[in-house]
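> Enclosed is the structure file coords03.cif (mmCIF, C-alpha atoms).
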```cif
data_data
loop_
_atom_site.group_PDB
_atom_site.id
_atom_site.type_symbol
_atom_site.label_atom_id
_atom_site.label_comp_id
_atom_site.auth_asym_id
_atom_site.auth_seq_id
_atom_site.Cartn_x
_atom_site.Cartn_y
_atom_site.Cartn_z
ATOM 1 C CA MET M 6 127.197 124.025 99.389
ATOM 2 C CA ILE M 7 124.198 124.655 101.617
ATOM 3 C CA ALA M 8 124.340 122.940 104.982
ATOM 4 C CA GLU M 9 121.414 120.638 105.597
ATOM 5 C CA PRO M 10 119.366 121.501 108.688
ATOM 6 C CA SER M 11 119.579 119.015 111.542
ATOM 7 C CA SER M 12 116.776 116.460 111.678
ATOM 8 C CA ALA M 13 115.383 118.076 114.816
ATOM 9 C CA GLU M 14 114.821 121.273 112.830
ATOM 10 C CA TRP M 15 113.163 119.888 109.730
ATOM 11 C CA LEU M 16 111.775 116.406 110.243
ATOM 12 C CA PRO M 17 108.162 116.389 111.411
ATOM 13 C CA ASP M 18 107.261 114.139 114.297
ATOM 14 C CA LEU M 19 105.650 110.882 113.256
ATOM 15 C CA ASP M 20 102.696 109.789 115.348
ATOM 16 C CA GLU M 21 104.133 106.886 117.327
ATOM 17 C CA ARG M 22 100.602 105.866 118.345
ATOM 18 C CA ILE M 23 100.112 104.603 114.782
ATOM 19 C CA ALA M 24 101.584 101.111 114.647
ATOM 20 C CA ASP M 25 101.740 100.649 110.865
ATOM 21 C CA PRO M 26 104.798 102.481 109.426
ATOM 22 C CA LEU M 27 102.977 103.175 106.136
ATOM 23 C CA GLU M 28 100.006 104.739 107.936
ATOM 24 C CA ARG M 29 102.411 106.747 110.111
ATOM 25 C CA LEU M 30 104.111 107.974 106.944
ATOM 26 C CA ARG M 31 100.762 108.852 105.363
ATOM 27 C CA ALA M 32 99.733 110.858 108.418
ATOM 28 C CA ALA M 33 102.915 112.933 108.161
ATOM 29 C CA TRP M 34 103.005 113.102 104.331
ATOM 30 C CA PRO M 35 101.931 116.758 103.896
ATOM 31 C CA ALA M 36 104.542 117.932 106.404
ATOM 32 C CA LEU M 37 107.209 115.677 104.879
ATOM 33 C CA MET M 38 106.546 116.976 101.382
ATOM 34 C CA GLN M 39 106.698 120.543 102.617
ATOM 35 C CA ARG M 40 110.058 119.794 104.261
ATOM 36 C CA CYS M 41 111.373 118.434 100.949
ATOM 37 C CA GLY M 42 111.189 121.997 99.722
ATOM 38 C CA LEU M 43 113.800 123.026 102.269
ATOM 39 C CA VAL M 44 116.347 120.690 100.743
ATOM 40 C CA GLN M 45 115.234 120.740 97.090
ATOM 41 C CA PRO M 46 112.685 123.523 96.410
ATOM 42 C CA MET M 47 111.480 122.147 93.072
ATOM 43 C CA LEU M 48 110.608 118.785 94.633
ATOM 44 C CA ASP M 49 107.981 120.425 96.829
ATOM 45 C CA ARG M 50 106.115 121.588 93.732
ATOM 46 C CA TYR M 51 106.084 118.170 92.070
ATOM 47 C CA LEU M 52 105.356 116.153 95.198
ATOM 48 C CA ARG M 53 102.086 117.927 95.961
ATOM 49 C CA ASP M 54 100.327 115.330 93.846
ATOM 50 C CA SER M 55 101.966 112.291 95.414
ATOM 51 C CA TRP M 56 100.976 109.765 98.050
ATOM 52 C CA PRO M 57 102.780 106.835 99.722
ATOM 53 C CA MET M 58 101.184 103.762 98.158
ATOM 54 C CA SER M 59 103.105 100.907 99.761
ATOM 55 C CA LEU M 60 106.086 100.269 101.992
ATOM 56 C CA THR M 61 108.140 97.102 102.256
ATOM 57 C CA ASP M 62 111.390 96.511 104.119
ATOM 58 C CA THR M 63 113.336 97.781 101.115
ATOM 59 C CA THR M 64 111.000 99.877 98.907
ATOM 60 C CA LEU M 65 108.685 102.863 99.278
ATOM 61 C CA MET M 66 106.233 103.132 96.370
ATOM 62 C CA ILE M 67 105.120 106.724 95.799
ATOM 63 C CA GLY M 68 102.008 107.194 93.693
ATOM 64 C CA PHE M 69 101.217 110.270 91.609
ATOM 65 C CA ASP M 70 97.872 111.752 90.658
ATOM 66 C CA PRO M 71 97.001 110.524 87.128
ATOM 67 C CA GLU M 72 96.521 114.106 85.937
ATOM 68 C CA PHE M 73 100.116 114.878 86.896
ATOM 69 C CA ALA M 74 101.788 111.617 85.874
ATOM 70 C CA GLY M 75 104.477 113.566 84.014
ATOM 71 C CA GLU M 76 105.753 114.824 87.340
ATOM 72 C CA ILE M 77 107.269 111.405 87.979
ATOM 73 C CA ASP M 78 109.924 112.131 85.353
ATOM 74 C CA GLN M 79 110.563 115.556 86.885
ATOM 75 C CA VAL M 80 111.018 114.025 90.344
ATOM 76 C CA ARG M 81 113.410 111.411 88.968
ATOM 77 C CA GLN M 82 115.499 114.162 87.353
ATOM 78 C CA LEU M 83 115.560 116.394 90.429
ATOM 79 C CA GLU M 84 115.912 113.720 93.088
ATOM 80 C CA ARG M 85 119.584 113.070 93.576
ATOM 81 C CA GLY M 86 119.286 111.151 96.823
ATOM 82 C CA THR M 87 117.344 113.894 98.598
ATOM 83 C CA LEU M 88 114.140 111.905 99.034
ATOM 84 C CA ARG M 89 115.917 108.644 99.714
ATOM 85 C CA HIS M 90 117.944 110.353 102.455
ATOM 86 C CA LEU M 91 114.797 111.967 103.899
ATOM 87 C CA PHE M 92 112.965 108.651 104.124
ATOM 88 C CA GLN M 93 116.049 106.935 105.514
ATOM 89 C CA ARG M 94 115.973 109.423 108.390
ATOM 90 C CA VAL M 95 112.213 109.240 108.829
ATOM 91 C CA LEU M 96 111.921 105.445 108.665
ATOM 92 C CA GLY M 97 115.252 104.629 110.299
ATOM 93 C CA ARG M 98 116.307 102.350 107.435
ATOM 94 C CA ASN M 99 117.388 102.510 103.816
ATOM 95 C CA VAL M 100 114.608 102.258 101.265
ATOM 96 C CA ARG M 101 114.605 102.353 97.507
ATOM 97 C CA LEU M 102 112.069 104.753 96.000
ATOM 98 C CA ASP M 103 109.812 103.674 93.188
ATOM 99 C CA TYR M 104 107.068 105.673 91.489
ATOM 100 C CA THR M 105 103.722 104.799 89.942
ATOM 101 C CA VAL M 106 100.591 106.492 88.629
ATOM 102 C CA MET M 107 97.595 106.121 90.951
ATOM 103 C CA LYS M 108 94.140 105.142 89.745
ATOM 104 C CA GLU M 109 92.524 108.074 91.573
ATOM 105 C CA SER M 110 93.515 111.644 92.335
ATOM 106 C CA ALA M 111 95.715 112.555 95.280
ATOM 107 C CA ARG M 112 93.661 114.636 97.676
ATOM 108 C CA TRP M 113 95.861 114.984 100.758
ATOM 109 C CA SER M 114 96.839 118.555 100.028
ATOM 110 C CA HIS M 115 93.250 119.699 99.780
ATOM 111 C CA HIS M 116 92.086 118.868 103.286
ATOM 112 C CA PRO M 117 89.327 116.376 102.440
ATOM 113 C CA VAL M 118 86.127 116.352 104.420
ATOM 114 C CA GLU M 119 86.539 114.406 107.652
ATOM 115 C CA ASN M 120 83.947 112.283 109.401
ATOM 116 C CA PRO M 121 80.976 114.418 110.395
ATOM 117 C CA THR M 122 80.792 115.560 113.995
ATOM 118 C CA ASN M 123 78.873 118.356 115.687
ATOM 119 C CA GLY M 124 76.679 119.138 112.689
ATOM 120 C CA GLU M 125 79.394 118.808 110.062
ATOM 121 C CA PRO M 126 78.281 117.687 106.591
ATOM 122 C CA ASP M 127 77.741 114.002 105.868
ATOM 123 C CA ASP M 128 80.402 112.724 103.432
ATOM 124 C CA ASP M 129 77.947 110.347 101.766
ATOM 125 C CA ALA M 130 75.226 112.942 101.203
ATOM 126 C CA PRO M 131 75.086 114.434 97.706
ATOM 127 C CA PHE M 132 76.480 117.943 97.439
ATOM 128 C CA ASP M 133 73.913 120.702 97.806
ATOM 129 C CA ALA M 134 74.991 124.352 97.463
ATOM 130 C CA GLU M 135 72.158 125.611 99.683
ATOM 131 C CA SER M 136 72.975 123.322 102.588
ATOM 132 C CA ALA M 137 76.736 123.894 102.135
ATOM 133 C CA GLY M 138 76.305 127.584 102.840
ATOM 134 C CA LEU M 139 79.591 129.123 103.986
ATOM 135 C CA ASN M 140 81.114 125.836 105.179
ATOM 136 C CA PRO M 141 84.370 125.162 103.258
ATOM 137 C CA ARG M 142 84.349 121.498 104.296
ATOM 138 C CA ALA M 143 80.948 121.047 102.682
ATOM 139 C CA TRP M 144 82.127 122.704 99.455
ATOM 140 C CA LEU M 145 85.013 120.226 99.230
ATOM 141 C CA ARG M 146 82.392 117.575 98.445
ATOM 142 C CA ASN M 147 81.651 119.396 95.166
ATOM 143 C CA ASP M 148 83.517 117.682 92.306
ATOM 144 C CA ALA M 149 84.049 120.923 90.359
ATOM 145 C CA VAL M 150 85.503 122.693 93.402
ATOM 146 C CA ARG M 151 87.882 119.789 94.123
ATOM 147 C CA THR M 152 88.992 119.677 90.478
ATOM 148 C CA VAL M 153 89.908 123.381 90.505
ATOM 149 C CA LEU M 154 91.687 123.072 93.857
ATOM 150 C CA GLU M 155 93.710 120.123 92.594
ATOM 151 C CA ALA M 156 94.593 121.816 89.293
ATOM 152 C CA PHE M 157 95.907 124.939 91.011
ATOM 153 C CA HIS M 158 97.064 123.377 94.306
ATOM 154 C CA GLY M 159 94.596 125.652 96.036
ATOM 155 C CA ASP M 160 92.665 125.847 99.262
ATOM 156 C CA ILE M 161 89.303 127.402 100.067
ATOM 157 C CA LEU M 162 90.035 130.649 101.896
ATOM 158 C CA ASP M 163 86.674 132.373 101.785
ATOM 159 C CA ILE M 164 83.166 131.652 100.553
ATOM 160 C CA GLN M 165 80.990 134.516 99.424
ATOM 161 C CA THR M 166 77.249 134.312 98.881
#
```
Mind converting the file's structure to structure tokens?

Amino acid sequence: MIAEPSSAEWLPDLDERIADPLERLRAAWPALMQRCGLVQPMLDRYLRDSWPMSLTDTTLMIGFDPEFAGEIDQVRQLERGTLRHLFQRVLGRNVRLDYTVMKESARWSHHPVENPTNGEPDDDAPFDAESAGLNPRAWLRNDAVRTVLEAFHGDILDIQT
């Protein structure tokens, strides 16, 4: 049996400045899902397309990208209390996990374009390859690029002209 790392070693810090526990969980979701791989490596692979949808006193609803809805069954088979225990430690209370298919794609793992500052691209502007240039954040506004990144769990590393 593999000893579980102590919480100080593997639980990411939740931003205590965020009052809403669901929003706090969402902010830490990428790090939490990566940590799942330490305890159950296969879960990390399937949880890349998930997102915390709702949180009540007793239930955490985890949504899955519609393209990867079949991963819900895989998570149910692999999860033998691992996730429940993780969220118990993170939230400080017991929660039941439930799963659903989202209406839209999960984009957290693909670093979506943030609000424009200092000349960054405008999220509402239509994508234009010429104005995007070598800016990876601008290319993330392109639907085809996002689709490929989501399909292969990829990131933009380099842009060549």
> Between M:Gln93, M:Thr105, M:Asn99, M:Ser136, which residue has the minimum interatomic distance to Met58 (chain M), considering all atoms listed in the file?
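Closest candidate: M:Thr105.
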> So how many Å separate CA of Phe73 (chain M) and CA of Val44 (chain M), to one decimal?
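About the pair CA of Phe73 (chain M) and CA of Val44 (chain M): they are 22.1 Å apart.
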> Can you measure CA of Met107 (chain M) to CA of Ile77 (chain M) for me? One decimal in Å is fine.
11.4 Å
> Please list as a PyMOL selection string every residue within 12 Å of Gln82 (chain M), counting all atoms listed in the file and excluding residues in the same chain fewer than 4 positions away.
chain M and resi 45+47-48+51+75-78+86-88
> Once 3 Å is added on each side, what centre and edge lengths in Å to one decimal does the axis-aligned box around all listed atoms of region 92-106 of chain M have, as lines of an AutoDock Vina configuration file?

```
center_x = 109.0
center_y = 105.8
center_z = 99.5
size_x = 22.8
size_y = 13.2
size_z = 27.7
```
> In Å, rounded to a single decimal, give me how far CA of Ile164 (chain M) is from CA of Leu139 (chain M).
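Atom-to-atom, CA of Leu139 (chain M) to CA of Ile164 (chain M), that is 5.6 Å.
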> For the provided coordinates, the residues matched by the PyMOL selection byres ((chain M and resi 132) around 7) should be stated as a PDB file with C-alpha atoms, keeping the file's coordinate frame.

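Once written, expr_18.pdb looks like this:
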```pdb
ATOM      1  CA  ALA M 130      75.226 112.942 101.203  1.00  0.00           C
ATOM      2  CA  PRO M 131      75.086 114.434  97.706  1.00  0.00           C
ATOM      3  CA  ASP M 133      73.913 120.702  97.806  1.00  0.00           C
ATOM      4  CA  ALA M 134      74.991 124.352  97.463  1.00  0.00           C
ATOM      5  CA  ARG M 146      82.392 117.575  98.445  1.00  0.00           C
ATOM      6  CA  ASN M 147      81.651 119.396  95.166  1.00  0.00           C
TER       7      ASN M 147
END
```
> Writing C-alpha atoms and nothing else, produce region 19-155 of chain M as a short mmCIF file (atom, residue, chain, number, x, y, z; two decimals), in the first residue's frame.

```cif
data_model
loop_
_atom_site.label_atom_id
_atom_site.label_comp_id
_atom_site.auth_asym_id
_atom_site.auth_seq_id
_atom_site.Cartn_x
_atom_site.Cartn_y
_atom_site.Cartn_z
CA LEU M 19 -7.38 27.79 -1.63
CA ASP M 20 -7.68 31.54 -2.00
CA GLU M 21 -9.26 32.56 1.30
CA ARG M 22 -10.02 36.00 -0.16
CA ILE M 23 -12.77 34.35 -2.21
CA ALA M 24 -15.82 34.11 0.03
CA ASP M 25 -17.90 31.65 -2.00
CA PRO M 26 -16.65 28.06 -1.44
CA LEU M 27 -17.65 27.03 -4.98
CA GLU M 28 -15.71 29.91 -6.53
CA ARG M 29 -12.75 29.11 -4.27
CA LEU M 30 -12.92 25.51 -5.48
CA ARG M 31 -13.13 26.63 -9.11
CA ALA M 32 -10.07 28.85 -8.71
CA ALA M 33 -8.06 25.88 -7.42
CA TRP M 34 -9.61 23.27 -9.77
CA PRO M 35 -6.63 22.80 -12.14
CA ALA M 36 -4.25 22.28 -9.23
CA LEU M 37 -6.71 19.97 -7.46
CA MET M 38 -7.16 17.82 -10.55
CA GLN M 39 -3.42 17.60 -11.02
CA ARG M 40 -3.07 16.47 -7.39
CA CYS M 41 -5.64 13.73 -7.99
CA GLY M 42 -3.03 12.14 -10.20
CA LEU M 43 -0.75 11.68 -7.20
CA VAL M 44 -3.30 9.47 -5.49
CA GLN M 45 -4.98 7.86 -8.52
CA PRO M 46 -3.02 8.51 -11.75
CA MET M 47 -5.83 7.55 -14.12
CA LEU M 48 -8.21 10.05 -12.52
CA ASP M 49 -5.99 12.94 -13.62
CA ARG M 50 -6.50 11.94 -17.25
CA TYR M 51 -10.28 11.76 -17.02
CA LEU M 52 -10.75 14.84 -14.86
CA ARG M 53 -9.11 17.21 -17.33
CA ASP M 54 -12.52 17.75 -18.88
CA SER M 55 -14.39 18.39 -15.65
CA TRP M 56 -15.55 21.47 -13.78
CA PRO M 57 -17.26 22.03 -10.41
CA MET M 58 -20.83 22.94 -11.33
CA SER M 59 -22.50 23.36 -7.95
CA LEU M 60 -21.82 22.86 -4.27
CA THR M 61 -24.35 22.38 -1.49
CA ASP M 62 -23.77 21.44 2.14
CA THR M 63 -23.81 17.77 1.18
CA THR M 64 -23.12 17.45 -2.58
CA LEU M 65 -20.49 18.56 -5.08
CA MET M 66 -21.76 18.34 -8.67
CA ILE M 67 -18.91 17.83 -11.14
CA GLY M 68 -19.69 18.55 -14.77
CA PHE M 69 -17.95 16.96 -17.75
CA ASP M 70 -17.34 18.34 -21.21
CA PRO M 71 -20.08 16.97 -23.52
CA GLU M 72 -17.46 15.61 -25.92
CA PHE M 73 -16.03 13.48 -23.12
CA ALA M 74 -19.25 12.46 -21.36
CA GLY M 75 -18.11 8.83 -21.35
CA GLU M 76 -15.40 9.77 -18.90
CA ILE M 77 -18.03 9.99 -16.17
CA ASP M 78 -18.33 6.20 -16.20
CA GLN M 79 -14.54 5.86 -16.10
CA VAL M 80 -14.32 8.19 -13.09
CA ARG M 81 -17.06 6.26 -11.29
CA GLN M 82 -15.15 3.01 -11.85
CA LEU M 83 -11.79 4.40 -10.75
CA GLU M 84 -12.96 6.58 -7.88
CA ARG M 85 -13.00 4.45 -4.78
CA GLY M 86 -13.29 7.28 -2.29
CA THR M 87 -10.22 9.11 -3.58
CA LEU M 88 -12.08 12.19 -4.80
CA ARG M 89 -14.53 12.21 -1.93
CA HIS M 90 -11.61 12.12 0.52
CA LEU M 91 -9.80 14.88 -1.39
CA PHE M 92 -12.81 17.19 -1.29
CA GLN M 93 -13.46 16.35 2.35
CA ARG M 94 -9.97 17.64 3.13
CA VAL M 95 -10.26 20.65 0.85
CA LEU M 96 -13.74 21.73 1.96
CA GLY M 97 -13.45 20.63 5.58
CA ARG M 98 -16.67 18.60 5.42
CA ASN M 99 -18.04 15.43 3.89
CA VAL M 100 -19.64 15.80 0.49
CA ARG M 101 -21.23 13.33 -1.85
CA LEU M 102 -19.98 13.53 -5.44
CA ASP M 103 -22.39 13.58 -8.33
CA TYR M 104 -21.60 13.90 -12.03
CA THR M 105 -23.35 15.50 -14.98
CA VAL M 106 -22.70 16.43 -18.60
CA MET M 107 -22.25 20.18 -19.13
CA LYS M 108 -23.95 22.10 -21.91
CA GLU M 109 -20.66 23.69 -23.01
CA SER M 110 -17.06 22.56 -23.18
CA ALA M 111 -14.75 22.69 -20.19
CA ARG M 112 -12.00 25.18 -20.93
CA TRP M 113 -10.13 25.53 -17.64
CA SER M 114 -7.19 23.44 -18.73
CA HIS M 115 -6.59 25.54 -21.81
CA HIS M 116 -5.87 28.87 -20.17
CA PRO M 117 -8.70 30.92 -21.68
CA VAL M 118 -8.11 34.50 -22.69
CA GLU M 119 -8.37 36.82 -19.70
CA ASN M 120 -9.71 40.36 -19.64
CA PRO M 121 -7.62 42.57 -21.90
CA THR M 122 -5.01 44.76 -20.25
CA ASN M 123 -1.93 46.51 -21.59
CA GLY M 124 -2.76 45.91 -25.25
CA GLU M 125 -3.99 42.35 -24.84
CA PRO M 126 -6.63 41.16 -27.33
CA ASP M 127 -10.28 42.02 -26.77
CA ASP M 128 -12.28 38.87 -25.93
CA ASP M 129 -15.35 40.14 -27.78
CA ALA M 130 -13.52 41.04 -30.99
CA PRO M 131 -13.76 38.47 -33.78
CA PHE M 132 -10.63 36.40 -34.28
CA ASP M 133 -8.23 37.75 -36.88
CA ALA M 134 -5.03 35.82 -37.70
CA GLU M 135 -3.17 38.96 -38.78
CA SER M 136 -3.84 40.87 -35.58
CA ALA M 137 -3.21 37.75 -33.45
CA GLY M 138 0.35 37.56 -34.69
CA LEU M 139 2.52 35.57 -32.27
CA ASN M 140 0.25 36.12 -29.26
CA PRO M 141 -0.93 32.72 -27.91
CA ARG M 142 -3.73 34.36 -25.92
CA ALA M 143 -5.14 35.84 -29.11
CA TRP M 144 -5.00 32.47 -30.89
CA LEU M 145 -7.07 30.90 -28.09
CA ARG M 146 -10.00 32.94 -29.41
CA ASN M 147 -9.90 30.86 -32.61
CA ASP M 148 -12.55 28.10 -32.42
CA ALA M 149 -10.48 25.62 -34.45
CA VAL M 150 -7.42 26.11 -32.24
CA ARG M 151 -9.48 25.64 -29.05
CA THR M 152 -11.11 22.50 -30.47
CA VAL M 153 -7.72 20.91 -31.20
CA LEU M 154 -6.35 21.91 -27.79
CA GLU M 155 -9.37 20.40 -26.05
#
```
